[in-house]
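Asker: So that you have it, the file is entry.cif, and it contains mmCIF, C-alpha atoms and all ligand atoms:
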```cif
data_entry
#
loop_
_atom_site.label_atom_id
_atom_site.label_comp_id
_atom_site.auth_asym_id
_atom_site.auth_seq_id
_atom_site.Cartn_x
_atom_site.Cartn_y
_atom_site.Cartn_z
CA MET A 1 -23.35 -8.76 14.95
CA LYS A 2 -22.81 -9.17 11.21
CA THR A 3 -19.47 -8.20 9.69
CA LEU A 4 -18.67 -8.26 6.01
CA LEU A 5 -14.96 -8.76 5.32
CA LEU A 6 -13.59 -7.76 1.92
CA GLY A 7 -10.03 -8.72 0.91
CA LYS A 8 -9.75 -11.82 3.11
CA SER A 9 -6.89 -13.29 1.01
CA GLY A 10 -4.67 -10.23 1.51
CA LEU A 11 -1.85 -9.60 3.98
CA LEU A 12 -4.09 -7.70 6.40
CA GLY A 13 -7.41 -9.36 5.55
CA SER A 14 -6.09 -12.77 6.59
CA TYR A 15 -5.90 -11.54 10.22
CA PHE A 16 -9.64 -10.86 10.35
CA SER A 17 -12.34 -13.49 10.27
CA SER A 18 -15.98 -13.37 9.41
CA ARG A 19 -18.73 -15.70 8.27
CA TYR A 20 -19.19 -13.27 5.42
CA SER A 21 -15.87 -12.97 3.63
CA PRO A 22 -16.38 -13.39 -0.11
CA SER A 23 -13.33 -13.82 -2.31
CA ARG A 24 -12.69 -11.48 -5.23
CA GLU A 25 -14.21 -14.12 -7.54
CA GLU A 26 -17.34 -14.26 -5.38
CA LEU A 27 -17.66 -10.49 -5.03
CA ASP A 28 -15.60 -8.14 -7.14
CA MET A 29 -15.34 -4.69 -5.52
CA CYS A 30 -15.56 -3.16 -8.98
CA ASN A 31 -18.83 -4.89 -9.83
CA TYR A 32 -20.97 -2.20 -8.25
CA GLU A 33 -24.30 -3.88 -8.90
CA ALA A 34 -23.17 -7.07 -7.16
CA LEU A 35 -21.58 -5.07 -4.33
CA GLU A 36 -24.75 -3.10 -3.69
CA GLU A 37 -26.90 -6.23 -3.83
CA TYR A 38 -24.64 -8.10 -1.37
CA ILE A 39 -24.67 -5.24 1.14
CA SER A 40 -28.36 -4.48 0.85
CA LYS A 41 -29.23 -8.16 1.41
CA LEU A 42 -26.81 -8.73 4.30
CA LYS A 43 -27.12 -5.30 5.94
CA PRO A 44 -23.89 -5.82 7.91
CA ASP A 45 -23.19 -3.86 11.08
CA PHE A 46 -19.59 -3.43 9.95
CA VAL A 47 -17.87 -3.66 6.59
CA ILE A 48 -14.10 -4.18 6.88
CA ASN A 49 -12.45 -3.23 3.62
CA CYS A 50 -9.03 -4.87 3.32
CA THR A 51 -9.01 -4.79 -0.48
CA GLY A 52 -6.58 -2.55 -2.26
CA TYR A 53 -4.42 -2.03 -5.27
CA THR A 54 -1.18 -2.16 -3.29
CA ALA A 55 1.55 -2.54 -5.94
CA VAL A 56 3.13 0.89 -5.44
CA ASP A 57 5.46 0.78 -8.46
CA ASP A 58 2.94 -0.85 -10.82
CA ALA A 59 0.46 1.92 -9.97
CA GLU A 60 2.73 4.43 -11.77
CA ILE A 61 2.03 2.52 -14.98
CA SER A 62 -1.47 1.16 -14.29
CA GLY A 63 -2.82 4.29 -12.62
CA ALA A 64 -6.37 3.73 -13.86
CA ASP A 65 -6.56 0.33 -12.12
CA ALA A 66 -5.25 1.84 -8.87
CA PHE A 67 -7.80 4.68 -8.95
CA LYS A 68 -10.61 2.28 -9.82
CA LEU A 69 -10.10 -0.01 -6.81
CA ASN A 70 -8.57 2.42 -4.29
CA ALA A 71 -10.86 5.36 -5.02
CA GLU A 72 -13.92 4.85 -7.25
CA ALA A 73 -14.90 1.45 -5.81
CA VAL A 74 -14.29 2.71 -2.26
CA GLY A 75 -16.62 5.64 -2.89
CA LYS A 76 -19.33 3.24 -4.11
CA LEU A 77 -18.76 0.98 -1.11
CA ALA A 78 -19.11 3.97 1.21
CA SER A 79 -22.42 5.02 -0.32
CA PHE A 80 -23.80 1.46 -0.12
CA CYS A 81 -22.72 1.28 3.54
CA GLU A 82 -24.41 4.61 4.24
CA LYS A 83 -27.63 3.47 2.56
CA ASN A 84 -27.75 0.22 4.53
CA GLY A 85 -26.70 1.47 7.96
CA SER A 86 -23.27 -0.23 7.97
CA ILE A 87 -20.19 1.23 9.62
CA LEU A 88 -17.21 1.14 7.25
CA ILE A 89 -13.71 0.30 8.43
CA HIS A 90 -11.37 1.28 5.63
CA PHE A 91 -7.56 1.17 5.49
CA SER A 92 -5.28 3.82 4.13
CA THR A 93 -1.61 4.58 4.16
CA ASP A 94 1.31 6.75 5.24
CA TYR A 95 1.87 7.30 1.50
CA VAL A 96 -0.88 9.96 1.48
CA PHE A 97 1.83 12.25 2.95
CA ASP A 98 4.85 13.69 1.14
CA GLY A 99 7.24 12.60 3.88
CA GLU A 100 8.99 15.95 4.23
CA ASP A 101 8.15 16.37 7.92
CA GLU A 102 10.61 14.46 10.04
CA ASN A 103 8.35 14.85 13.10
CA GLY A 104 5.73 12.70 11.41
CA TYR A 105 2.06 13.28 10.71
CA THR A 106 -0.96 13.49 12.99
CA GLU A 107 -4.42 12.42 11.82
CA ASP A 108 -5.35 15.97 10.78
CA ALA A 109 -2.09 16.81 8.98
CA VAL A 110 -2.67 17.89 5.39
CA PRO A 111 -1.94 15.03 2.96
CA SER A 112 0.11 15.62 -0.16
CA PRO A 113 0.98 12.32 -1.86
CA ILE A 114 4.00 12.03 -4.14
CA ASN A 115 3.06 8.88 -6.06
CA ILE A 116 0.03 7.46 -7.86
CA TYR A 117 -0.70 4.85 -5.20
CA GLY A 118 -0.78 7.58 -2.52
CA LYS A 119 -2.97 9.79 -4.70
CA SER A 120 -5.43 6.96 -5.34
CA LYS A 121 -5.60 6.14 -1.62
CA LEU A 122 -6.17 9.81 -0.74
CA ASP A 123 -8.99 10.01 -3.29
CA GLY A 124 -10.48 6.92 -1.64
CA GLU A 125 -10.35 8.61 1.77
CA LYS A 126 -12.08 11.70 0.39
CA LEU A 127 -14.82 9.66 -1.25
CA VAL A 128 -15.50 7.87 2.04
CA GLU A 129 -15.75 11.25 3.80
CA ASP A 130 -18.03 12.64 1.07
CA ASN A 131 -20.36 9.64 0.87
CA MET A 132 -20.97 8.67 4.47
CA ASP A 133 -20.81 9.68 8.12
CA ARG A 134 -20.19 6.48 10.06
CA TYR A 135 -16.68 5.44 9.03
CA TYR A 136 -13.24 4.73 10.41
CA ILE A 137 -10.35 5.37 8.05
CA ILE A 138 -7.30 3.70 9.53
CA ARG A 139 -3.93 4.71 8.14
CA THR A 140 -1.07 2.30 8.68
CA SER A 141 2.43 1.73 7.29
CA TRP A 142 5.14 -0.76 6.27
CA MET A 143 2.99 -3.80 7.01
CA PHE A 144 4.40 -7.30 7.58
CA GLY A 145 2.63 -10.56 8.39
CA ASN A 146 2.90 -12.72 5.28
CA PRO A 147 6.37 -13.66 4.01
CA GLU A 148 5.07 -14.03 0.47
CA LYS A 149 4.06 -10.38 0.47
CA ASP A 150 6.25 -8.49 2.94
CA PHE A 151 9.73 -7.02 3.34
CA VAL A 152 10.69 -9.67 5.90
CA GLY A 153 10.09 -12.55 3.50
CA THR A 154 11.68 -10.63 0.63
CA VAL A 155 15.02 -9.98 2.34
CA LEU A 156 15.19 -13.49 3.81
CA LYS A 157 14.62 -15.00 0.38
CA LEU A 158 17.23 -12.74 -1.21
CA ALA A 159 19.73 -13.73 1.48
CA GLU A 160 19.46 -17.37 0.38
CA THR A 161 21.23 -16.57 -2.89
CA ARG A 162 23.27 -13.43 -2.18
CA ASP A 163 26.23 -12.59 0.03
CA GLU A 164 25.31 -8.95 0.45
CA LEU A 165 22.24 -6.77 0.08
CA ASN A 166 21.81 -3.08 -0.69
CA ILE A 167 19.10 -1.59 1.52
CA VAL A 168 17.63 1.91 1.46
CA ALA A 169 18.69 3.90 4.53
CA ASP A 170 17.05 7.29 3.88
CA GLN A 171 13.39 6.37 4.23
CA ILE A 172 12.04 6.25 7.76
CA GLY A 173 8.79 4.61 8.80
CA SER A 174 7.09 2.36 11.33
CA PRO A 175 6.95 -1.35 10.48
CA THR A 176 3.58 -2.73 11.53
CA PHE A 177 2.59 -6.32 12.22
CA ALA A 178 -0.76 -6.92 10.53
CA LYS A 179 -1.79 -9.17 13.41
CA ASP A 180 -1.31 -6.32 15.93
CA LEU A 181 -3.19 -3.91 13.69
CA ALA A 182 -6.13 -6.27 13.24
CA ALA A 183 -6.28 -6.92 17.01
CA ALA A 184 -6.28 -3.15 17.69
CA VAL A 185 -9.07 -2.59 15.16
CA LYS A 186 -11.20 -5.30 16.74
CA LYS A 187 -10.57 -3.99 20.26
CA ASN A 188 -10.95 -0.26 19.56
CA PHE A 189 -13.76 -0.25 17.03
CA ILE A 190 -15.59 -3.52 16.39
CA LYS A 191 -15.89 -4.95 19.88
CA ARG A 192 -16.40 -1.72 21.79
CA SER A 193 -19.87 -0.92 23.04
CA ASP A 194 -19.09 2.83 23.22
CA LEU A 195 -17.79 3.52 19.74
CA PRO A 196 -15.04 6.15 19.47
CA PRO A 197 -15.76 9.19 17.27
CA PHE A 198 -15.89 8.42 13.57
CA GLY A 199 -13.03 9.72 11.44
CA ILE A 200 -9.38 9.10 10.64
CA TYR A 201 -7.06 7.11 12.92
CA HIS A 202 -3.37 6.27 12.78
CA ILE A 203 -2.34 2.78 13.90
CA THR A 204 1.20 1.42 13.56
CA ASN A 205 3.59 -0.44 15.81
CA SER A 206 5.59 1.96 18.01
CA GLY A 207 8.97 3.31 17.03
CA ALA A 208 10.48 4.09 13.65
CA CYS A 209 13.45 2.97 11.61
CA SER A 210 14.88 2.96 8.10
CA TRP A 211 14.52 -0.04 5.76
CA TYR A 212 18.22 -0.65 6.50
CA ASP A 213 17.55 -0.75 10.26
CA PHE A 214 14.56 -3.01 9.64
CA ALA A 215 16.66 -5.44 7.58
CA SER A 216 19.47 -5.37 10.16
CA GLU A 217 17.01 -6.25 12.92
CA ILE A 218 15.50 -9.09 10.86
CA PHE A 219 18.90 -10.71 10.31
CA LYS A 220 19.97 -10.06 13.92
CA GLN A 221 16.83 -11.71 15.29
CA CYS A 222 17.30 -14.64 12.89
CA GLY A 223 20.94 -15.06 13.91
CA LEU A 224 21.98 -14.80 10.24
CA GLU A 225 25.14 -13.04 9.14
CA ILE A 226 24.96 -11.09 5.91
CA LYS A 227 26.65 -7.94 4.66
CA LEU A 228 24.13 -5.10 4.38
CA ASN A 229 25.05 -1.94 2.48
CA LYS A 230 23.29 1.35 3.18
CA VAL A 231 22.11 2.98 -0.02
CA SER A 232 20.09 6.10 -0.75
CA SER A 233 16.69 6.03 -2.46
CA ASN A 234 18.27 7.74 -5.48
CA ALA A 235 20.66 4.83 -5.94
CA ILE A 236 17.76 2.45 -6.53
CA SER A 237 15.77 3.17 -9.63
CA ARG A 238 12.08 2.51 -8.99
CA PRO A 239 9.05 3.90 -10.82
CA ALA A 240 7.37 5.37 -7.72
CA MET A 241 8.86 7.95 -5.37
CA ARG A 242 8.56 7.13 -1.66
CA PRO A 243 8.12 9.56 1.25
CA LYS A 244 11.29 10.07 3.31
CA TYR A 245 9.63 10.30 6.72
CA SER A 246 6.36 8.46 6.83
CA ILE A 247 5.76 8.32 10.53
CA LEU A 248 2.08 8.29 11.49
CA ARG A 249 1.50 9.83 14.90
CA ASN A 250 -1.44 8.54 16.91
CA THR A 251 -3.09 11.32 18.92
CA LYS A 252 -6.53 9.73 19.23
CA LEU A 253 -6.30 6.19 20.59
CA GLU A 254 -5.35 5.72 24.20
CA LYS A 255 -2.80 2.95 23.71
CA ASN A 256 -0.06 2.59 21.13
CA LEU A 257 0.88 -0.80 19.72
CA ARG A 258 3.97 -2.57 21.03
CA PRO A 259 7.39 -1.60 19.56
CA TRP A 260 7.93 -2.88 16.02
CA ASP A 261 11.01 -4.94 16.92
CA LYS A 262 9.06 -6.85 19.60
CA ALA A 263 6.26 -7.51 17.09
CA LEU A 264 8.87 -8.70 14.59
CA LYS A 265 10.22 -11.17 17.16
CA LYS A 266 6.76 -12.63 17.60
CA TYR A 267 6.29 -12.91 13.85
CA LEU A 268 9.67 -14.60 13.30
CA SER A 269 8.94 -17.16 16.00
CA ARG A 270 6.32 -18.71 13.72
CA LYS A 271 6.97 -22.02 12.05
CA LEU A 272 6.73 -20.77 8.48
CA PRO A 273 8.80 -22.43 5.70
CA VAL A 274 10.67 -19.22 4.83
CA PHE A 275 11.77 -18.86 8.47
CA SER A 276 12.93 -22.49 8.67
CA VAL A 277 16.58 -21.53 8.03
CA PHE A 278 16.87 -20.38 11.61
CA ASN A 279 14.12 -22.03 13.64
N1 LIG B 1 0.93 -3.59 2.75
C1 LIG B 1 1.30 -2.44 3.33
O1 LIG B 1 2.49 -2.24 3.68
C2 LIG B 1 0.28 -1.37 3.58
C3 LIG B 1 0.72 -0.19 4.18
C4 LIG B 1 -0.21 0.81 4.43
C5 LIG B 1 -1.54 0.63 4.10
N2 LIG B 1 -1.95 -0.52 3.49
C6 LIG B 1 -3.37 -0.65 3.15
O2 LIG B 1 -3.91 -1.77 3.85
C7 LIG B 1 -4.94 -2.39 3.07
C8 LIG B 1 -4.63 -3.87 2.92
O3 LIG B 1 -3.37 -4.02 2.27
P1 LIG B 1 -2.69 -5.43 2.04
O4 LIG B 1 -1.22 -5.20 1.95
O5 LIG B 1 -3.23 -6.42 3.02
O6 LIG B 1 -3.21 -5.78 0.58
P2 LIG B 1 -2.93 -7.08 -0.31
O7 LIG B 1 -2.16 -8.09 0.45
O8 LIG B 1 -2.39 -6.58 -1.62
O9 LIG B 1 -4.40 -7.67 -0.53
C9 LIG B 1 -5.32 -7.01 -1.35
C10 LIG B 1 -6.64 -7.74 -1.26
O10 LIG B 1 -7.55 -7.08 -2.14
C11 LIG B 1 -8.22 -8.07 -2.91
N3 LIG B 1 -8.68 -7.50 -4.16
C12 LIG B 1 -7.95 -6.93 -5.15
N4 LIG B 1 -8.75 -6.50 -6.13
C13 LIG B 1 -10.03 -6.80 -5.78
C14 LIG B 1 -11.30 -6.62 -6.37
N5 LIG B 1 -11.44 -6.03 -7.55
N6 LIG B 1 -12.40 -7.06 -5.71
C15 LIG B 1 -12.28 -7.68 -4.51
N7 LIG B 1 -11.10 -7.87 -3.89
C16 LIG B 1 -9.99 -7.44 -4.51
C17 LIG B 1 -7.17 -9.14 -3.11
O11 LIG B 1 -7.77 -10.33 -3.54
P3 LIG B 1 -6.96 -11.41 -4.42
O12 LIG B 1 -6.05 -12.10 -3.46
O13 LIG B 1 -8.00 -12.28 -4.97
O14 LIG B 1 -6.20 -10.63 -5.46
C18 LIG B 1 -6.59 -9.20 -1.70
O15 LIG B 1 -7.43 -9.96 -0.86
C19 LIG B 1 -4.96 -1.63 1.74
O16 LIG B 1 -5.97 -0.65 1.82
C20 LIG B 1 -3.61 -0.94 1.68
O17 LIG B 1 -3.66 0.24 0.91
C21 LIG B 1 -1.07 -1.52 3.23
#
```
Represent the structure contained in this file as C-alpha cells.

Answerer:
Amino acid sequence: MKTLLLGKSGLLGSYFSSRYSPSREELDMCNYEALEEYISKLKPDFVINCTGYTAVDDAEISGADAFKLNAEAVGKLASFCEKNGSILIHFSTDYVFDGEDENGYTEDAVPSPINIYGKSKLDGEKLVEDNMDRYYIIRTSWMFGNPEKDFVGTVLKLAETRDELNIVADQIGSPTFAKDLAAAVKKNFIKRSDLPPFGIYHITNSGACSWYDFASEIFKQCGLEIKLNKVSSNAISRPAMRPKYSILRNTKLEKNLRPWDKALKKYLSRKLPVFSVFN
C-alpha cells in the first residue's frame, strides 16, 4: 500500500511515517502543478495531509496565507486525490465551532467559526466535501507532542524564568497527544480492511479541562512548584478570539482515546531536553 504523507516536519506529521513524505521544499502544497504531477505519478492509496497554517493569531493578520494553505490548496489536493483514486485523510479543528455549547459538538453539529484560522479550516473541509467522495476529515483539538510547538513545552520554558504564570481558565477543551491521534488514525482508517464510512470524525483524548487545569496537571506531574493564576480570556489581549467550549464529541468510532492526563504522563516520561528539569 502506498501512502503519501504531507507535513512530515509538523507536530502531528512527525508521528506518521511513509516512504513518500516530501518536505515543503520538495513539494509545496501551493504549487498545484507539482502537487498534481506528484500524485498522478505515485497514485497513492492514501494521502495523509498534516500540513496547515496553524498560527491562530497570525492568521488574523495574514488571512490570505491561511486561506491559501488551509482552504484553496486543500481543495486542489482533494480534486487530485479524486482523479487518481486516492483516499484523503485530512485534519481539521475544534476551532470550526463557536464554542458556545458547553455540551460540546458532535460530527454533524453546524460549524460557526469565530476566527480566521477556524474559517479557513472550515472552508478547507467544505472544499474536500465538494471535490471528492472518498475522504476522512478528522477534527482534533489542543494537540501536544512536540515541546517546541505545544502548550506543554511553552509553560515549562516560561517556568524556567518566572515565579508565577497567568493561565486562561475560561476556555475548555480536550488536550490530545499527537501520538495517540496518529495511532488511532492508522488503526481505524489506514490499516483496516473494512473501511469505515467516509466523512467527518472527531478524535481527541478523553476528558476536558481548561488551560489552567492543563497547566496545573503539567506542573503536578513534573513535581514542579509554581504559582499559577487563573485569568479570563478577556484579560489576555490576543488577536484571535478562541471558542469557550471546544469539546469534540465522538459518536462514530467505537473506542475513545485514553484520558488526556494519562497521555500527558506518557509524553512527559520521554527523555527530551525541555523535560530534563524533572527527569
Ligand atoms: N496543533 C493543534 O493544536 C491542532 C489542533 C487542531 C487541529 N490541528 C490540525 O492538525 C493539522 C496538523 O497540525 P500541526 O499542529 O501538526 O501543524 P504544524 O506543526 O504547524 O505543521 C505544519 C506542517 O505543514 C507544513 N507546511 C506548511 N506550509 C506548507 C506548504 N506550503 N507546503 C507543504 N507543507 C507545508 C510544515 O512544513 P515546514 O515545517 O517546512 O514549515 C509542517 O510540516 C493541521 O491541519 C491543523 O489545522 C492542529

Asker: I'd like a table as a tab-separated table: residues in chain A with an atom no more than 8 Å from ligand LIG 1 (chain B), each row giving the shortest atom pair and its distance in Å to one decimal, only C-alpha atoms and all ligand atoms counted, sorted by chain and rising residue number.

Answerer:
```
residue	atom	partner	partner_atom	distance
A:Leu6	CA	B:LIG1	N7	6.3
A:Gly7	CA	B:LIG1	O15	3.4
A:Lys8	CA	B:LIG1	O15	5.0
A:Ser9	CA	B:LIG1	O15	3.9
A:Gly10	CA	B:LIG1	O9	3.3
A:Leu11	CA	B:LIG1	O5	3.6
A:Leu12	CA	B:LIG1	O5	3.7
A:Gly13	CA	B:LIG1	O5	5.7
A:Ser14	CA	B:LIG1	O5	7.8
A:Ser23	CA	B:LIG1	O13	6.2
A:Arg24	CA	B:LIG1	C15	3.9
A:Glu25	CA	B:LIG1	O13	7.0
A:Leu27	CA	B:LIG1	C15	6.1
A:Asp28	CA	B:LIG1	N6	3.7
A:Met29	CA	B:LIG1	N6	3.8
A:Cys30	CA	B:LIG1	N5	5.2
A:Asn31	CA	B:LIG1	N5	7.8
A:Asn49	CA	B:LIG1	O16	7.2
A:Cys50	CA	B:LIG1	C8	4.5
A:Thr51	CA	B:LIG1	O10	3.2
A:Gly52	CA	B:LIG1	C19	4.4
A:Tyr53	CA	B:LIG1	C12	6.0
A:Thr54	CA	B:LIG1	O8	4.9
A:Ala55	CA	B:LIG1	O8	7.1
A:Leu69	CA	B:LIG1	N5	6.2
A:Asn70	CA	B:LIG1	O16	7.3
A:His90	CA	B:LIG1	O16	6.9
A:Phe91	CA	B:LIG1	O16	4.4
A:Ser92	CA	B:LIG1	C5	4.9
A:Thr93	CA	B:LIG1	C5	4.0
A:Asp94	CA	B:LIG1	C4	6.2
A:Tyr95	CA	B:LIG1	C4	7.4
A:Lys121	CA	B:LIG1	O17	6.7
A:Arg139	CA	B:LIG1	C5	6.2
A:Thr140	CA	B:LIG1	C4	4.6
A:Ser141	CA	B:LIG1	C4	4.0
A:Trp142	CA	B:LIG1	O1	4.0
A:Met143	CA	B:LIG1	O1	3.7
A:Phe144	CA	B:LIG1	O1	6.7
A:Lys149	CA	B:LIG1	O7	6.6
A:Asp150	CA	B:LIG1	N1	7.2
A:Thr176	CA	B:LIG1	O1	7.9
A:Ala178	CA	B:LIG1	O5	7.9
```

Asker: Hey, which of A:Val152, A:Leu248, A:Ile200, A:Ala71 ends up closest to A:Ser174? Count only C-alpha atoms.

Answerer: A:Leu248

Asker: Of the residues A:Leu257, A:Ser206, A:Lys220, A:Ser269, which is the one nearest to A:Ala184, using all atoms listed in the file?

Answerer: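 Of all the options, A:Leu257 lies closest to A:Ala184.
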
Asker: What's the 12 Å shell around A:Glu36, counting all atoms listed in the file, without same-chain residues fewer than 5 positions away, as JSON, numbers by chain?

Answerer: {"A": [27, 28, 29, 30, 31, 41, 42, 43, 44, 73, 75, 76, 77, 78, 79, 80, 81, 82, 83, 84]}

Asker: Measuring between all atoms listed in the file, which one of A:Ala59, A:Leu5, A:Ala235, A:Ile39 shows the shortest distance to A:Ser18?

Answerer: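 Among the listed residues, A:Leu5 lies closest to A:Ser18.
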
Asker: Counting only C-alpha atoms, which of A:Leu35, A:Cys209, A:Ile114, A:Met1 gets nearest to A:Val168?

Answerer: A:Cys209

Asker: Could you name the residues that touch A:Leu264 at 10 Å or less, counting all atoms listed in the file, but leaving out those on the same chain fewer than 6 positions away, as a PyMOL selection string?

Answerer: chain A and resi 144-145+152+175-177+205+214+217-218+221
